[in-house]
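Okay, query_20.txt now, which holds compact mmCIF, C-alpha atoms:
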# COMPACT_ATOMS: atom_id res chain seq x y z
CA MET A 69 3.63 3.17 0.03
CA SER A 70 5.27 6.55 -0.48
CA ASP A 71 8.35 4.84 -1.99
CA SER A 72 6.05 3.01 -4.41
CA LYS A 73 4.42 6.31 -5.35
CA LYS A 74 7.84 7.80 -6.13
CA ILE A 75 8.71 4.77 -8.24
CA LEU A 76 5.43 5.08 -10.15
CA ASP A 77 5.88 8.81 -10.68
CA ALA A 78 9.40 8.20 -12.02
CA TRP A 79 8.04 5.46 -14.30
CA ASP A 80 5.29 7.75 -15.63
CA ALA A 81 7.86 10.45 -16.41
CA TYR A 82 10.14 7.92 -18.12
CA SER A 83 7.28 6.37 -20.06
CA ASP A 84 5.97 9.74 -21.23
CA GLU A 85 9.42 10.67 -22.51
CA HIS A 86 10.28 7.35 -24.13
CA THR A 87 7.07 6.39 -25.95
CA ASP A 88 5.25 7.78 -28.95
CA LEU A 89 1.75 9.21 -28.78
CA ASP A 90 0.25 5.71 -29.10
CA GLY A 91 2.28 4.46 -26.13
CA TRP A 92 4.81 2.42 -28.15
CA PRO A 93 8.37 2.64 -26.83
CA TYR A 94 11.05 4.17 -29.03
CA ASP A 95 13.54 1.52 -27.86
CA ASP A 96 11.90 -1.77 -26.88
CA HIS A 97 15.00 -3.17 -25.20
CA ALA A 98 15.72 -0.10 -23.04
CA TYR A 99 12.06 0.28 -22.19
CA GLY A 100 11.81 -3.38 -21.18
CA ARG A 101 14.89 -3.12 -18.97
CA ARG A 102 13.47 -0.01 -17.30
CA ALA A 103 10.08 -1.71 -16.79
CA SER A 104 11.84 -4.70 -15.24
CA GLN A 105 13.70 -2.36 -12.87
CA ARG A 106 10.42 -0.63 -11.99
CA ASP A 107 8.86 -4.00 -11.16
CA ALA A 108 11.79 -5.01 -8.94
CA ASP A 109 11.90 -1.63 -7.18
CA THR A 110 8.16 -1.70 -6.53
CA ALA A 111 8.37 -5.23 -5.09
CA GLU A 112 11.27 -4.19 -2.86
CA ALA A 113 9.40 -1.11 -1.64
CA PHE A 114 6.37 -3.23 -0.71
CA GLU A 115 8.32 -5.96 1.10
CA PRO A 116 8.51 -4.21 4.52
CA LEU A 117 4.73 -3.75 4.41
CA ARG A 118 3.88 -7.27 3.21
CA TYR A 119 3.80 -9.03 6.57
CA GLY A 120 1.68 -6.39 8.29
CA ALA A 121 -0.62 -5.72 5.34
CA ARG A 122 -3.39 -8.11 6.50
CA HIS A 123 -3.40 -6.46 9.92
CA LEU A 124 -3.59 -3.00 8.31
CA LEU A 125 -6.55 -4.12 6.19
CA ALA A 126 -8.37 -5.69 9.15
CA THR A 127 -7.83 -2.55 11.21
CA ALA A 128 -9.14 -0.33 8.41
CA GLU A 129 -12.20 -2.55 7.94
CA THR A 130 -12.97 -2.44 11.66
CA GLN A 131 -12.50 1.32 11.74
CA LEU A 132 -14.77 1.75 8.72
CA ALA A 133 -17.48 -0.35 10.35
CA HIS A 134 -17.46 1.88 13.43
CA LEU A 135 -17.02 5.30 11.84
CA PRO A 136 -20.02 7.63 11.77
CA GLU A 137 -21.28 7.88 8.19
CA THR A 138 -20.35 11.57 8.00
CA TYR A 139 -16.67 10.64 8.42
CA VAL A 140 -16.59 7.98 5.68
CA GLN A 141 -15.58 8.70 2.09
CA SER A 142 -17.50 6.52 -0.35
CA ARG A 143 -14.36 5.38 -2.18
CA TRP A 144 -12.81 3.79 0.92
CA VAL A 145 -14.86 0.58 0.85
CA TYR A 146 -13.93 0.07 -2.80
CA GLN A 147 -10.25 0.85 -2.14
CA VAL A 148 -10.01 -1.55 0.79
CA GLY A 149 -11.57 -4.24 -1.42
CA VAL A 150 -9.00 -3.57 -4.16
CA LEU A 151 -6.20 -3.79 -1.59
CA ARG A 152 -7.52 -7.06 -0.16
CA ASP A 153 -7.88 -8.63 -3.63
CA ALA A 154 -4.40 -7.43 -4.60
CA LEU A 155 -2.89 -8.83 -1.40
CA ASP A 156 -4.59 -12.19 -1.95
CA ARG A 157 -3.13 -12.34 -5.45
CA LEU A 158 0.31 -11.22 -4.24
CA ASP A 159 0.28 -14.01 -1.66
CA GLU A 160 -0.58 -16.55 -4.38
CA LEU A 161 2.17 -15.22 -6.63
CA HIS A 162 4.66 -15.33 -3.76
CA GLU A 163 3.85 -18.99 -3.16
CA GLN A 164 4.28 -19.64 -6.89
CA TRP A 165 7.64 -17.84 -6.79
CA LEU A 166 8.84 -20.06 -3.94
CA VAL A 167 7.93 -23.17 -5.95
CA THR A 168 9.63 -21.77 -9.05
CA ARG A 169 12.73 -20.74 -7.11
CA ASP A 170 13.02 -24.15 -5.47
CA ALA A 171 12.72 -25.85 -8.88
CA LEU A 172 15.62 -23.87 -10.37
CA PRO A 173 18.93 -25.68 -10.89
CA ALA A 174 21.34 -25.59 -7.95
CA THR A 175 23.56 -23.29 -9.99
CA ALA A 176 20.80 -20.66 -10.27
CA LYS A 177 21.73 -18.06 -7.69
CA PRO A 178 20.98 -14.32 -7.60
CA GLY A 179 23.03 -12.72 -10.37
CA THR A 180 22.73 -15.68 -12.73
CA PRO A 181 20.43 -15.49 -15.77
CA ASP A 182 18.30 -18.46 -14.68
CA PHE A 183 17.54 -16.92 -11.28
CA ASP A 184 17.30 -13.30 -12.41
CA ASP A 185 15.01 -14.11 -15.35
CA ALA A 186 12.66 -16.14 -13.14
CA LEU A 187 12.60 -13.38 -10.52
CA ALA A 188 11.97 -10.73 -13.19
CA ALA A 189 9.01 -12.78 -14.46
CA HIS A 190 7.66 -12.99 -10.90
CA HIS A 191 8.05 -9.22 -10.43
CA ALA A 192 6.32 -8.55 -13.75
CA GLU A 193 3.35 -10.72 -12.74
CA SER A 194 3.17 -9.01 -9.34
CA TRP A 195 3.50 -5.46 -10.58
CA SER A 196 -0.14 -4.60 -11.26
CA TYR A 197 -1.12 -5.74 -7.75
CA LEU A 198 1.73 -3.76 -6.24
CA ASP A 199 0.52 -0.82 -8.30
CA ASP A 200 -2.90 -1.24 -6.66
CA TRP A 201 -1.22 -0.89 -3.26
CA ALA A 202 0.73 2.16 -4.39
CA THR A 203 -2.41 3.75 -5.80
CA HIS A 204 -4.98 2.87 -3.12
CA GLY A 205 -2.83 2.26 -0.04
CA LYS A 206 -3.19 5.84 1.17
CA ALA A 207 -6.85 5.06 1.92
CA LEU A 208 -5.68 3.03 4.95
CA ARG A 209 -3.96 6.10 6.39
CA GLU A 210 -7.02 8.25 5.60
CA ILE A 211 -9.35 5.80 7.36
CA ASN A 212 -7.09 5.71 10.40
CA THR A 213 -6.96 9.50 10.54
CA ALA A 214 -10.76 9.71 10.30
CA ALA A 215 -11.11 7.10 13.06
CA ARG A 216 -8.84 9.10 15.36
CA LYS A 217 -10.82 12.29 14.72
CA ALA A 218 -14.30 10.76 14.96
CA PRO A 219 -16.14 10.80 18.27
CA SER A 220 -15.97 7.46 20.01
CA PRO A 221 -19.12 5.90 21.46
CA LEU A 222 -16.91 4.55 24.25
CA ALA A 223 -15.50 7.92 25.26
CA PRO A 224 -17.23 9.64 28.12
CA THR A 225 -19.09 12.75 27.12
CA SER A 226 -17.67 15.87 28.59
CA THR A 227 -20.00 17.45 31.10
CA PRO A 228 -19.28 20.78 32.67
CA ALA A 229 -17.94 20.54 36.19
CA PRO A 230 -20.45 21.63 38.81
CA ALA A 231 -19.93 25.12 40.07
CA THR A 232 -18.40 25.07 43.51
CA ALA A 233 -19.30 27.48 46.21
CA PRO A 234 -16.49 29.70 47.39
CA ASP A 235 -14.65 28.32 50.36
CA ARG A 236 -16.14 30.27 53.29
CA ARG A 237 -13.36 29.34 55.65
CA ALA A 238 -10.77 31.05 53.44
CA ALA A 239 -12.89 34.22 53.30
CA ALA A 240 -13.46 34.18 57.06
CA ARG A 241 -9.73 33.98 57.88
CA LYS A 242 -8.95 37.32 56.30
Here is a file; write its structure as structure tokens.
Amino acid sequence: MSDSKKILDAWDAYSDEHTDLDGWPYDDHAYGRRASQRDADTAEAFEPLRYGARHLLATAETQLAHLPETYVQSRWVYQVGVLRDALDRLDELHEQWLVTRDALPATAKPGTPDFDDALAAHHAESWSYLDDWATHGKALREINTAARKAPSPLAPTSTPAPATAPDRRAAARK
């Protein structure tokens, strides 16, 4: 998620510098190439997280359900919902990519226009959902931190140890 944030920050800086006040790029071709690279970089940054993302969401939802209300930030429920919706859509797009990839001619390998153009189209479709993860993913870490700091109903309450009387035998030996 932090790699995605860096990619997005770099994109924002590039976009600010290479567009007019209305948001139109000065050079459509260069801007399009840079956007395509942003999409690919964002997809690559998310890939290590993809397979554990459902588990992270389920853990965050369970933690939210058990957190005392005073530990919960109101935006977290919304953010977890955005992440779940984005992950559902990313899974659908991934399945579509596999079908598209398998339908490419046998000569379409990475580095060929047929393959690279199809992959770029897949990355472009996926980007807004990856952006959701880059933007809202930190909520999962925040929820986990709150859960670790919150008192647990399962933890024993600390009670002061009973005062013990001085050992009379030790005093008598002196």
Closest contacts (stretch 162-206 of chain A/stretch 98-109 of chain A, max 9 Å, only C-alpha atoms) as a Markdown table:
| residue | atom | partner | partner_atom | distance |
| --- | --- | --- | --- | --- |
| A:Leu187 | CA | A:Ala108 | CA | 8.6 |
| A:Ala188 | CA | A:Ser104 | CA | 6.4 |
| A:Ala189 | CA | A:Ser104 | CA | 8.6 |
| A:His191 | CA | A:Asp107 | CA | 5.3 |
| A:Ala192 | CA | A:Asp107 | CA | 5.8 |
| A:Glu193 | CA | A:Asp107 | CA | 8.8 |
| A:Ser194 | CA | A:Asp107 | CA | 7.8 |
| A:Trp195 | CA | A:Asp107 | CA | 5.6 |
| A:Leu198 | CA | A:Asp107 | CA | 8.7 |
Keeping only C-alpha atoms, write the selected residues to a file as an mmCIF file, keeping the file's coordinate frame.
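See selection01.cif below for the written result:
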data_model
loop_
_atom_site.group_PDB
_atom_site.id
_atom_site.type_symbol
_atom_site.label_atom_id
_atom_site.label_comp_id
_atom_site.auth_asym_id
_atom_site.auth_seq_id
_atom_site.Cartn_x
_atom_site.Cartn_y
_atom_site.Cartn_z
ATOM 1 C CA LEU A 187 12.600 -13.380 -10.520
ATOM 2 C CA ALA A 188 11.970 -10.730 -13.190
ATOM 3 C CA ALA A 189 9.010 -12.780 -14.460
ATOM 4 C CA HIS A 191 8.050 -9.220 -10.430
ATOM 5 C CA ALA A 192 6.320 -8.550 -13.750
ATOM 6 C CA GLU A 193 3.350 -10.720 -12.740
ATOM 7 C CA SER A 194 3.170 -9.010 -9.340
ATOM 8 C CA TRP A 195 3.500 -5.460 -10.580
ATOM 9 C CA LEU A 198 1.730 -3.760 -6.240
#
I'd like the neighbourhood of stretch 135-139 of chain A as a compact mmCIF listing (two decimals) with C-alpha atoms, in the coordinates of the input, where a residue qualifies if any of its atoms comes within 7 Å (using only C-alpha atoms), though same-chain residues fewer than 5 positions away should be ignored.
# COMPACT_ATOMS: atom_id res chain seq x y z
CA ALA A 214 -10.76 9.71 10.30
CA ALA A 215 -11.11 7.10 13.06
CA ALA A 218 -14.30 10.76 14.96
Inset, instruction - Measure the distance from atom CA of A:Leu208 to atom CA of A:Leu124 in Å and round it to one decimal. - result: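 Computing the Euclidean distance for atom CA of A:Leu208 and atom CA of A:Leu124 yields 7.2 Å.
Of the listed residues A:Ser196, A:Ser142, A:Thr168, A:Gln147, the one whose atoms come nearest to A:Phe183 is A:Thr168, with distances taken using only C-alpha atoms.
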Inset, instruction - Record the distance separating atom CA of A:Ser220 and atom CA of A:Val150, expressed in Å with one decimal. - result: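 We find that atom CA of A:Ser220 and atom CA of A:Val150 lie 27.5 Å from each other.
Proximity of A:Glu112, A:Asp200, A:Glu85, A:Asp90 to A:Asp153, computed with only C-alpha atoms, is greatest for A:Asp200.
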Legend entry - Length of the atom CA of A:Arg122 to atom CA of A:Arg152 vector [Å]: 7.9 Å
Legend entry - Counting all atoms listed in the file, the residue of A:Tyr197, A:Asp96, A:Ala186, A:Leu155 that sits nearest A:Leu125: A:Leu155
Inset, instruction - Using only C-alpha atoms, pick whichever of A:Asp95, A:Glu210, A:Asp159, A:Asp88 has the shortest atom-to-atom distance to A:Tyr119. - result: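 Of A:Asp95, A:Glu210, A:Asp159, A:Asp88, the one nearest A:Tyr119 is A:Asp159, counting only C-alpha atoms.
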N, CA, C and O atoms modelled onto stretch 119-142 of chain A, as an mmCIF file, in the frame of the given file:
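Generated output (part19.cif):
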data_model
loop_
_atom_site.group_PDB
_atom_site.id
_atom_site.type_symbol
_atom_site.label_atom_id
_atom_site.label_comp_id
_atom_site.auth_asym_id
_atom_site.auth_seq_id
_atom_site.Cartn_x
_atom_site.Cartn_y
_atom_site.Cartn_z
ATOM 1 N N TYR A 119 4.191 -8.185 5.445
ATOM 2 C CA TYR A 119 3.800 -9.030 6.570
ATOM 3 C C TYR A 119 2.770 -8.375 7.494
ATOM 4 O O TYR A 119 2.034 -9.066 8.169
ATOM 5 N N GLY A 120 2.682 -7.068 7.491
ATOM 6 C CA GLY A 120 1.680 -6.390 8.290
ATOM 7 C C GLY A 120 0.458 -5.950 7.506
ATOM 8 O O GLY A 120 -0.483 -5.380 8.065
ATOM 9 N N ALA A 121 0.449 -6.224 6.208
ATOM 10 C CA ALA A 121 -0.620 -5.720 5.340
ATOM 11 C C ALA A 121 -1.997 -6.262 5.740
ATOM 12 O O ALA A 121 -2.985 -5.526 5.726
ATOM 13 N N ARG A 122 -2.079 -7.531 6.101
ATOM 14 C CA ARG A 122 -3.390 -8.110 6.500
ATOM 15 C C ARG A 122 -3.906 -7.418 7.762
ATOM 16 O O ARG A 122 -5.095 -7.140 7.882
ATOM 17 N N HIS A 123 -3.002 -7.148 8.685
ATOM 18 C CA HIS A 123 -3.400 -6.460 9.920
ATOM 19 C C HIS A 123 -3.879 -5.031 9.593
ATOM 20 O O HIS A 123 -4.895 -4.567 10.144
ATOM 21 N N LEU A 124 -3.175 -4.350 8.713
ATOM 22 C CA LEU A 124 -3.590 -3.000 8.310
ATOM 23 C C LEU A 124 -4.984 -3.017 7.680
ATOM 24 O O LEU A 124 -5.819 -2.157 7.978
ATOM 25 N N LEU A 125 -5.230 -4.005 6.825
ATOM 26 C CA LEU A 125 -6.550 -4.120 6.190
ATOM 27 C C LEU A 125 -7.638 -4.415 7.222
ATOM 28 O O LEU A 125 -8.714 -3.806 7.190
ATOM 29 N N ALA A 126 -7.372 -5.342 8.126
ATOM 30 C CA ALA A 126 -8.370 -5.690 9.150
ATOM 31 C C ALA A 126 -8.667 -4.487 10.038
ATOM 32 O O ALA A 126 -9.829 -4.227 10.379
ATOM 33 N N THR A 127 -7.632 -3.748 10.390
ATOM 34 C CA THR A 127 -7.830 -2.550 11.210
ATOM 35 C C THR A 127 -8.681 -1.526 10.469
ATOM 36 O O THR A 127 -9.632 -0.969 11.032
ATOM 37 N N ALA A 128 -8.366 -1.294 9.202
ATOM 38 C CA ALA A 128 -9.140 -0.330 8.410
ATOM 39 C C ALA A 128 -10.594 -0.769 8.272
ATOM 40 O O ALA A 128 -11.514 0.059 8.377
ATOM 41 N N GLU A 129 -10.824 -2.055 8.060
ATOM 42 C CA GLU A 129 -12.200 -2.550 7.940
ATOM 43 C C GLU A 129 -12.970 -2.372 9.239
ATOM 44 O O GLU A 129 -14.142 -1.987 9.231
ATOM 45 N N THR A 130 -12.323 -2.635 10.355
ATOM 46 C CA THR A 130 -12.970 -2.440 11.660
ATOM 47 C C THR A 130 -13.258 -0.960 11.888
ATOM 48 O O THR A 130 -14.352 -0.599 12.339
ATOM 49 N N GLN A 131 -12.294 -0.119 11.570
ATOM 50 C CA GLN A 131 -12.500 1.320 11.740
ATOM 51 C C GLN A 131 -13.653 1.809 10.854
ATOM 52 O O GLN A 131 -14.497 2.590 11.312
ATOM 53 N N LEU A 132 -13.687 1.348 9.621
ATOM 54 C CA LEU A 132 -14.770 1.750 8.720
ATOM 55 C C LEU A 132 -16.137 1.336 9.260
ATOM 56 O O LEU A 132 -17.109 2.091 9.158
ATOM 57 N N ALA A 133 -16.203 0.152 9.829
ATOM 58 C CA ALA A 133 -17.480 -0.350 10.350
ATOM 59 C C ALA A 133 -17.981 0.476 11.529
ATOM 60 O O ALA A 133 -19.185 0.524 11.782
ATOM 61 N N HIS A 134 -17.073 1.131 12.236
ATOM 62 C CA HIS A 134 -17.460 1.880 13.430
ATOM 63 C C HIS A 134 -17.459 3.397 13.233
ATOM 64 O O HIS A 134 -17.839 4.127 14.143
ATOM 65 N N LEU A 135 -17.043 3.852 12.076
ATOM 66 C CA LEU A 135 -17.020 5.300 11.840
ATOM 67 C C LEU A 135 -18.433 5.829 11.596
ATOM 68 O O LEU A 135 -19.221 5.181 10.895
ATOM 69 N N PRO A 136 -18.752 6.994 12.138
ATOM 70 C CA PRO A 136 -20.020 7.630 11.770
ATOM 71 C C PRO A 136 -20.021 7.898 10.265
ATOM 72 O O PRO A 136 -18.978 8.215 9.678
ATOM 73 N N GLU A 137 -21.157 7.761 9.649
ATOM 74 C CA GLU A 137 -21.280 7.880 8.190
ATOM 75 C C GLU A 137 -20.711 9.198 7.670
ATOM 76 O O GLU A 137 -20.153 9.247 6.575
ATOM 77 N N THR A 138 -20.831 10.255 8.450
ATOM 78 C CA THR A 138 -20.350 11.570 8.000
ATOM 79 C C THR A 138 -18.830 11.621 7.888
ATOM 80 O O THR A 138 -18.295 12.533 7.268
ATOM 81 N N TYR A 139 -18.129 10.662 8.484
ATOM 82 C CA TYR A 139 -16.670 10.640 8.420
ATOM 83 C C TYR A 139 -16.135 9.740 7.304
ATOM 84 O O TYR A 139 -14.943 9.722 7.048
ATOM 85 N N VAL A 140 -17.013 8.980 6.662
ATOM 86 C CA VAL A 140 -16.590 7.980 5.680
ATOM 87 C C VAL A 140 -16.659 8.554 4.263
ATOM 88 O O VAL A 140 -17.659 9.147 3.878
ATOM 89 N N GLN A 141 -15.570 8.343 3.510
ATOM 90 C CA GLN A 141 -15.580 8.700 2.090
ATOM 91 C C GLN A 141 -16.021 7.457 1.310
ATOM 92 O O GLN A 141 -15.556 6.351 1.581
ATOM 93 N N SER A 142 -16.895 7.648 0.354
ATOM 94 C CA SER A 142 -17.500 6.520 -0.350
ATOM 95 C C SER A 142 -16.469 5.635 -1.055
ATOM 96 O O SER A 142 -16.677 4.431 -1.195
#
